[in-house]
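Notes follow the structure.
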Amino acid sequence: MASSFISVYIHFVFSTKERRKLIEKTIRPRLWAYLGGIAKQNKMVALAVGGTDNHAHLLISIPAAISPSKAIQLIKAGSSKWIHDEFPHKNEFAWQVGYSAFSVSPKRVQSVIDYINNQEEHHKTRTFEEEYIVFLKSSGFEYDEKHLWG
């Protein structure tokens, strides 16, 4: 082939350390925009960014040269530094060490965007923990719940 064509969509999910409710509504729009900006600076495309007070969801298209682990490292480290710089009183803020990355087929991109954009409403009936277990089960991951939350 004379050209390469890459289509890699990843739905990242990660929480604040200990799932503490540290992302107030007042800072969410700025934080979500910043996460998208980190992606853009690193040649990724953030198709949707959202979450609630204790976790974030991102649907990102990544180029072939960036691994999912590198993508999330850039996003989490950069946003954590930004939060500490912009909100010095949030010195307790940290992201949980782990994360999940779920591949998304091009046909499902819009439904994942809609899901991420509807987080506030969605979490009126389901906690982050409940949501996360559904994701793990539907993706075929095996896990031990006593070691899941670290």
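Quick note on naming: the chains in the structure tokens go A, B, ... in the order shown, residues restart at 1 in each chain, and ligands are numbered from 1 in order of appearance.
Within chain A, DSSP run on the backbone puts these residues in strand (DSSP E): A:Tyr9, A:Ile10, A:His11, A:Phe12, A:Val13, A:Phe14, A:Ser15, A:Val45, A:Ala46, A:Leu47, A:Ala48, A:Val49, A:Gly50, A:Gly51, A:His55, A:Ala56, A:His57, A:Leu58, A:Leu59, A:Ile60, A:Ser61, A:Ser100, A:Ala101, A:Phe102, A:Ser103, A:Val104.
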Would you mind listing, for every residue of range 61-114 of chain A within 10 Å of range 118-142 of chain A, the two atoms forming the shortest contact and the distance between them in Å to one decimal, using only C-alpha atoms, sorted by chain and ascending residue number, as JSON lines?
{"residue": "A:Ser100", "atom": "CA", "partner": "A:Leu136", "partner_atom": "CA", "distance": 8.7}
{"residue": "A:Phe102", "atom": "CA", "partner": "A:Ser139", "partner_atom": "CA", "distance": 7.6}
{"residue": "A:Ser103", "atom": "CA", "partner": "A:Ser139", "partner_atom": "CA", "distance": 9.3}
{"residue": "A:Val112", "atom": "CA", "partner": "A:Asn118", "partner_atom": "CA", "distance": 9.8}
{"residue": "A:Ile113", "atom": "CA", "partner": "A:Asn118", "partner_atom": "CA", "distance": 8.6}
{"residue": "A:Asp114", "atom": "CA", "partner": "A:Asn118", "partner_atom": "CA", "distance": 6.2}
Closest atom pairs, range 4-77 of chain A residues within 7 Å of range 81-96 of chain A, only C-alpha atoms, as a Markdown table:
| residue | atom | partner | partner_atom | distance |
| --- | --- | --- | --- | --- |
| A:Phe14 | CA | A:Gln96 | CA | 6.9 |
| A:Ser15 | CA | A:Gln96 | CA | 5.5 |
| A:Thr16 | CA | A:Trp95 | CA | 4.2 |
| A:Lys17 | CA | A:Gln96 | CA | 4.0 |
| A:Glu18 | CA | A:Gln96 | CA | 6.7 |
| A:Leu22 | CA | A:Phe93 | CA | 6.7 |
| A:Lys76 | CA | A:Trp95 | CA | 6.9 |
| A:Ala77 | CA | A:Lys81 | CA | 6.3 |
For the residues in the current selection, export all heavy atoms as a PDB file, in the first residue's frame.
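Everything below was put into selection_32.pdb:
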ATOM      1  N   PHE A  14     -11.278   7.176  34.012  1.00  0.00           N
ATOM      2  CA  PHE A  14     -10.390   7.203  35.176  1.00  0.00           C
ATOM      3  C   PHE A  14     -11.000   8.085  36.255  1.00  0.00           C
ATOM      4  O   PHE A  14     -11.817   8.958  35.975  1.00  0.00           O
ATOM      5  CB  PHE A  14      -8.970   7.661  34.813  1.00  0.00           C
ATOM      6  CG  PHE A  14      -8.900   8.964  34.080  1.00  0.00           C
ATOM      7  CD1 PHE A  14      -8.639  10.145  34.755  1.00  0.00           C
ATOM      8  CD2 PHE A  14      -9.074   9.017  32.707  1.00  0.00           C
ATOM      9  CE1 PHE A  14      -8.552  11.351  34.080  1.00  0.00           C
ATOM     10  CE2 PHE A  14      -8.987  10.209  32.017  1.00  0.00           C
ATOM     11  CZ  PHE A  14      -8.724  11.383  32.709  1.00  0.00           C
ATOM     12  N   SER A  15     -10.606   7.814  37.498  1.00  0.00           N
ATOM     13  CA  SER A  15     -11.229   8.517  38.615  1.00  0.00           C
ATOM     14  C   SER A  15     -10.200   9.315  39.407  1.00  0.00           C
ATOM     15  O   SER A  15      -8.991   9.139  39.251  1.00  0.00           O
ATOM     16  CB  SER A  15     -11.928   7.524  39.549  1.00  0.00           C
ATOM     17  OG  SER A  15     -10.980   6.746  40.242  1.00  0.00           O
ATOM     18  N   THR A  16     -10.734  10.153  40.257  1.00  0.00           N
ATOM     19  CA  THR A  16      -9.884  10.839  41.210  1.00  0.00           C
ATOM     20  C   THR A  16      -9.379   9.809  42.222  1.00  0.00           C
ATOM     21  O   THR A  16      -9.981   8.740  42.386  1.00  0.00           O
ATOM     22  CB  THR A  16     -10.658  11.938  41.965  1.00  0.00           C
ATOM     23  OG1 THR A  16     -11.792  11.338  42.601  1.00  0.00           O
ATOM     24  CG2 THR A  16     -11.103  13.049  41.037  1.00  0.00           C
ATOM     25  N   LYS A  17      -8.283  10.115  42.868  1.00  0.00           N
ATOM     26  CA  LYS A  17      -7.735   9.201  43.870  1.00  0.00           C
ATOM     27  C   LYS A  17      -8.801   8.926  44.933  1.00  0.00           C
ATOM     28  O   LYS A  17      -9.448   9.852  45.429  1.00  0.00           O
ATOM     29  CB  LYS A  17      -6.493   9.809  44.512  1.00  0.00           C
ATOM     30  CG  LYS A  17      -5.758   8.857  45.408  1.00  0.00           C
ATOM     31  CD  LYS A  17      -4.465   9.443  45.890  1.00  0.00           C
ATOM     32  CE  LYS A  17      -3.737   8.416  46.732  1.00  0.00           C
ATOM     33  NZ  LYS A  17      -2.477   8.960  47.231  1.00  0.00           N
ATOM     34  N   GLU A  18      -8.994   7.650  45.203  1.00  0.00           N
ATOM     35  CA  GLU A  18      -9.993   7.183  46.180  1.00  0.00           C
ATOM     36  C   GLU A  18     -11.410   7.599  45.791  1.00  0.00           C
ATOM     37  O   GLU A  18     -12.298   7.644  46.621  1.00  0.00           O
ATOM     38  CB  GLU A  18      -9.641   7.665  47.587  1.00  0.00           C
ATOM     39  CG  GLU A  18      -8.279   7.182  48.059  1.00  0.00           C
ATOM     40  CD  GLU A  18      -7.807   7.848  49.336  1.00  0.00           C
ATOM     41  OE1 GLU A  18      -8.406   8.860  49.764  1.00  0.00           O
ATOM     42  OE2 GLU A  18      -6.813   7.355  49.888  1.00  0.00           O
ATOM     43  N   LEU A  22     -13.824  15.636  44.060  1.00  0.00           N
ATOM     44  CA  LEU A  22     -12.971  16.820  44.015  1.00  0.00           C
ATOM     45  C   LEU A  22     -13.165  17.683  42.764  1.00  0.00           C
ATOM     46  O   LEU A  22     -12.536  18.718  42.626  1.00  0.00           O
ATOM     47  CB  LEU A  22     -11.496  16.393  44.101  1.00  0.00           C
ATOM     48  CG  LEU A  22     -11.101  15.652  45.381  1.00  0.00           C
ATOM     49  CD1 LEU A  22      -9.678  15.120  45.267  1.00  0.00           C
ATOM     50  CD2 LEU A  22     -11.238  16.564  46.589  1.00  0.00           C
ATOM     51  N   LYS A  76      -3.443  12.691  32.011  1.00  0.00           N
ATOM     52  CA  LYS A  76      -3.588  12.737  33.475  1.00  0.00           C
ATOM     53  C   LYS A  76      -2.516  13.612  34.124  1.00  0.00           C
ATOM     54  O   LYS A  76      -2.821  14.425  34.996  1.00  0.00           O
ATOM     55  CB  LYS A  76      -3.562  11.321  34.052  1.00  0.00           C
ATOM     56  CG  LYS A  76      -4.848  10.548  33.771  1.00  0.00           C
ATOM     57  CD  LYS A  76      -4.766   9.089  34.139  1.00  0.00           C
ATOM     58  CE  LYS A  76      -4.600   8.838  35.612  1.00  0.00           C
ATOM     59  NZ  LYS A  76      -4.578   7.407  35.939  1.00  0.00           N
ATOM     60  N   ALA A  77      -1.266  13.475  33.702  1.00  0.00           N
ATOM     61  CA  ALA A  77      -0.192  14.270  34.301  1.00  0.00           C
ATOM     62  C   ALA A  77      -0.376  15.755  34.010  1.00  0.00           C
ATOM     63  O   ALA A  77      -0.262  16.595  34.909  1.00  0.00           O
ATOM     64  CB  ALA A  77       1.173  13.790  33.800  1.00  0.00           C
TER      65      ALA A  77
END
Nearest candidate to Asn117 in chain A (options A:Leu47, A:Ile38, A:Val8, A:Ala65; using only C-alpha atoms)
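Among the listed residues, A:Leu47 lies closest to Asn117 in chain A.
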Residues at most 12 Å from Ala39 in chain A, counting only C-alpha atoms, excluding those fewer than 2 positions away in the same chain, as an mmCIF file with N, CA, C and O atoms, in the first residue's frame?
data_model
loop_
_atom_site.group_PDB
_atom_site.id
_atom_site.type_symbol
_atom_site.label_atom_id
_atom_site.label_comp_id
_atom_site.auth_asym_id
_atom_site.auth_seq_id
_atom_site.Cartn_x
_atom_site.Cartn_y
_atom_site.Cartn_z
ATOM 1 N N TRP A 32 -12.583 19.889 31.523
ATOM 2 C CA TRP A 32 -12.859 19.089 30.328
ATOM 3 C C TRP A 32 -12.205 19.725 29.097
ATOM 4 O O TRP A 32 -11.620 19.024 28.256
ATOM 5 N N ALA A 33 -12.284 21.041 28.991
ATOM 6 C CA ALA A 33 -11.645 21.733 27.866
ATOM 7 C C ALA A 33 -10.130 21.554 27.909
ATOM 8 O O ALA A 33 -9.487 21.366 26.868
ATOM 9 N N TYR A 34 -9.569 21.594 29.102
ATOM 10 C CA TYR A 34 -8.123 21.426 29.228
ATOM 11 C C TYR A 34 -7.697 20.021 28.823
ATOM 12 O O TYR A 34 -6.687 19.840 28.140
ATOM 13 N N LEU A 35 -8.466 19.012 29.232
ATOM 14 C CA LEU A 35 -8.154 17.637 28.825
ATOM 15 C C LEU A 35 -8.164 17.527 27.299
ATOM 16 O O LEU A 35 -7.269 16.906 26.702
ATOM 17 N N GLY A 36 -9.162 18.126 26.670
ATOM 18 C CA GLY A 36 -9.216 18.131 25.203
ATOM 19 C C GLY A 36 -8.049 18.866 24.581
ATOM 20 O O GLY A 36 -7.521 18.459 23.545
ATOM 21 N N GLY A 37 -7.620 19.939 25.237
ATOM 22 C CA GLY A 37 -6.466 20.702 24.751
ATOM 23 C C GLY A 37 -5.172 19.906 24.824
ATOM 24 O O GLY A 37 -4.331 19.984 23.923
ATOM 25 N N GLN A 41 -2.810 19.099 21.612
ATOM 26 C CA GLN A 41 -1.379 19.431 21.593
ATOM 27 C C GLN A 41 -0.521 18.220 21.256
ATOM 28 O O GLN A 41 0.603 18.370 20.789
ATOM 29 N N ASN A 42 -1.049 17.039 21.499
ATOM 30 C CA ASN A 42 -0.292 15.809 21.289
ATOM 31 C C ASN A 42 -0.807 15.014 20.085
ATOM 32 O O ASN A 42 -0.655 13.803 20.017
ATOM 33 N N LYS A 43 -1.438 15.732 19.136
ATOM 34 C CA LYS A 43 -1.910 15.161 17.866
ATOM 35 C C LYS A 43 -2.985 14.094 18.022
ATOM 36 O O LYS A 43 -3.133 13.207 17.189
ATOM 37 N N MET A 44 -3.748 14.201 19.119
ATOM 38 C CA MET A 44 -4.912 13.347 19.323
ATOM 39 C C MET A 44 -6.145 14.216 19.083
ATOM 40 O O MET A 44 -6.047 15.441 19.085
ATOM 41 N N VAL A 45 -7.282 13.580 18.915
ATOM 42 C CA VAL A 45 -8.530 14.326 18.746
ATOM 43 C C VAL A 45 -9.487 13.881 19.847
ATOM 44 O O VAL A 45 -9.842 12.697 19.931
ATOM 45 N N ALA A 46 -9.875 14.821 20.702
ATOM 46 C CA ALA A 46 -10.854 14.533 21.751
ATOM 47 C C ALA A 46 -12.244 14.745 21.158
ATOM 48 O O ALA A 46 -12.634 15.868 20.866
ATOM 49 N N LEU A 47 -12.965 13.659 20.981
ATOM 50 C CA LEU A 47 -14.311 13.738 20.418
ATOM 51 C C LEU A 47 -15.354 14.035 21.484
ATOM 52 O O LEU A 47 -16.408 14.593 21.190
ATOM 53 N N ALA A 48 -15.083 13.636 22.725
ATOM 54 C CA ALA A 48 -15.972 13.939 23.851
ATOM 55 C C ALA A 48 -15.165 13.849 25.134
ATOM 56 O O ALA A 48 -14.317 12.971 25.291
ATOM 57 N N VAL A 49 -15.443 14.783 26.041
ATOM 58 C CA VAL A 49 -14.821 14.794 27.363
ATOM 59 C C VAL A 49 -15.910 15.146 28.357
ATOM 60 O O VAL A 49 -16.657 16.103 28.156
ATOM 61 N N LEU A 58 -13.207 10.127 28.437
ATOM 62 C CA LEU A 58 -12.732 10.777 27.226
ATOM 63 C C LEU A 58 -12.849 9.799 26.079
ATOM 64 O O LEU A 58 -12.446 8.641 26.213
ATOM 65 N N LEU A 59 -13.369 10.257 24.965
ATOM 66 C CA LEU A 59 -13.329 9.488 23.735
ATOM 67 C C LEU A 59 -12.321 10.195 22.851
ATOM 68 O O LEU A 59 -12.518 11.361 22.485
ATOM 69 N N ILE A 60 -11.242 9.490 22.555
ATOM 70 C CA ILE A 60 -10.129 10.103 21.843
ATOM 71 C C ILE A 60 -9.746 9.252 20.643
ATOM 72 O O ILE A 60 -9.687 8.028 20.726
ATOM 73 N N SER A 61 -9.454 9.926 19.555
ATOM 74 C CA SER A 61 -8.850 9.284 18.396
ATOM 75 C C SER A 61 -7.349 9.518 18.533
ATOM 76 O O SER A 61 -6.904 10.665 18.688
ATOM 77 N N ILE A 62 -6.592 8.426 18.536
ATOM 78 C CA ILE A 62 -5.148 8.578 18.707
ATOM 79 C C ILE A 62 -4.418 8.185 17.423
ATOM 80 O O ILE A 62 -4.843 7.287 16.708
ATOM 81 N N PRO A 63 -3.303 8.870 17.144
ATOM 82 C CA PRO A 63 -2.513 8.506 15.963
ATOM 83 C C PRO A 63 -1.716 7.228 16.239
ATOM 84 O O PRO A 63 -1.524 6.827 17.385
ATOM 85 N N ILE A 66 1.193 7.055 18.947
ATOM 86 C CA ILE A 66 0.964 7.209 20.391
ATOM 87 C C ILE A 66 0.213 5.990 20.912
ATOM 88 O O ILE A 66 -0.858 5.652 20.415
ATOM 89 N N PRO A 68 -1.970 3.879 23.797
ATOM 90 C CA PRO A 68 -2.978 4.291 24.785
ATOM 91 C C PRO A 68 -2.353 4.674 26.129
ATOM 92 O O PRO A 68 -2.770 5.658 26.743
ATOM 93 N N LYS A 70 0.611 5.957 26.734
ATOM 94 C CA LYS A 70 1.252 7.264 26.610
ATOM 95 C C LYS A 70 0.197 8.364 26.547
ATOM 96 O O LYS A 70 0.347 9.422 27.165
ATOM 97 N N ALA A 71 -0.887 8.114 25.821
ATOM 98 C CA ALA A 71 -1.959 9.109 25.707
ATOM 99 C C ALA A 71 -2.516 9.457 27.084
ATOM 100 O O ALA A 71 -2.642 10.628 27.437
ATOM 101 N N ILE A 72 -2.835 8.444 27.871
ATOM 102 C CA ILE A 72 -3.443 8.718 29.181
ATOM 103 C C ILE A 72 -2.432 9.308 30.151
ATOM 104 O O ILE A 72 -2.778 10.143 30.994
ATOM 105 N N GLN A 73 -1.164 8.922 30.025
ATOM 106 C CA GLN A 73 -0.124 9.525 30.871
ATOM 107 C C GLN A 73 -0.048 11.027 30.622
ATOM 108 O O GLN A 73 -0.003 11.824 31.555
ATOM 109 N N LEU A 74 -0.025 11.425 29.356
ATOM 110 C CA LEU A 74 0.029 12.845 29.013
ATOM 111 C C LEU A 74 -1.186 13.593 29.555
ATOM 112 O O LEU A 74 -1.071 14.691 30.110
ATOM 113 N N ILE A 75 -2.350 13.001 29.391
ATOM 114 C CA ILE A 75 -3.598 13.653 29.789
ATOM 115 C C ILE A 75 -3.708 13.775 31.303
ATOM 116 O O ILE A 75 -4.016 14.846 31.836
ATOM 117 N N LYS A 76 -3.443 12.691 32.011
ATOM 118 C CA LYS A 76 -3.588 12.737 33.475
ATOM 119 C C LYS A 76 -2.516 13.612 34.124
ATOM 120 O O LYS A 76 -2.821 14.425 34.996
ATOM 121 N N ALA A 77 -1.266 13.475 33.702
ATOM 122 C CA ALA A 77 -0.192 14.270 34.301
ATOM 123 C C ALA A 77 -0.376 15.755 34.010
ATOM 124 O O ALA A 77 -0.262 16.595 34.909
ATOM 125 N N GLY A 78 -0.685 16.061 32.757
ATOM 126 C CA GLY A 78 -0.859 17.466 32.389
ATOM 127 C C GLY A 78 -2.030 18.118 33.096
ATOM 128 O O GLY A 78 -1.947 19.268 33.547
ATOM 129 N N SER A 79 -3.136 17.391 33.223
ATOM 130 C CA SER A 79 -4.314 17.977 33.874
ATOM 131 C C SER A 79 -4.130 18.087 35.387
ATOM 132 O O SER A 79 -4.609 19.043 35.999
#
Could you tell me how far CA of Tyr9 in chain A sits from CA of Tyr115 in chain A, in Å to one decimal place?
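Between CA of Tyr115 in chain A and CA of Tyr9 in chain A the gap is 14.7 Å.
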List every residue of chain A that DSSP, applied to the backbone, labels as alpha helix (DSSP H), and write the result as a PyMOL selection string.
chain A and resi 28-41+68-86+109-117+119-122+128-138+145-148
CA of Ile23 in chain A to CA of Glu145 in chain A, straight-line distance in Å
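Here the two named atoms are 24.7 Å from each other.
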So how far away is CA of Leu31 in chain A from CA of Ser7 in chain A, in Å?
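Atom-to-atom, CA of Ser7 in chain A and CA of Leu31 in chain A are spaced 26.2 Å apart.
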Given the choices A:Ser69, A:Ser4, A:Thr26, A:Ser111, which gets closest to Tyr99 in chain A if the distance is worked out from only C-alpha atoms?
A:Ser69
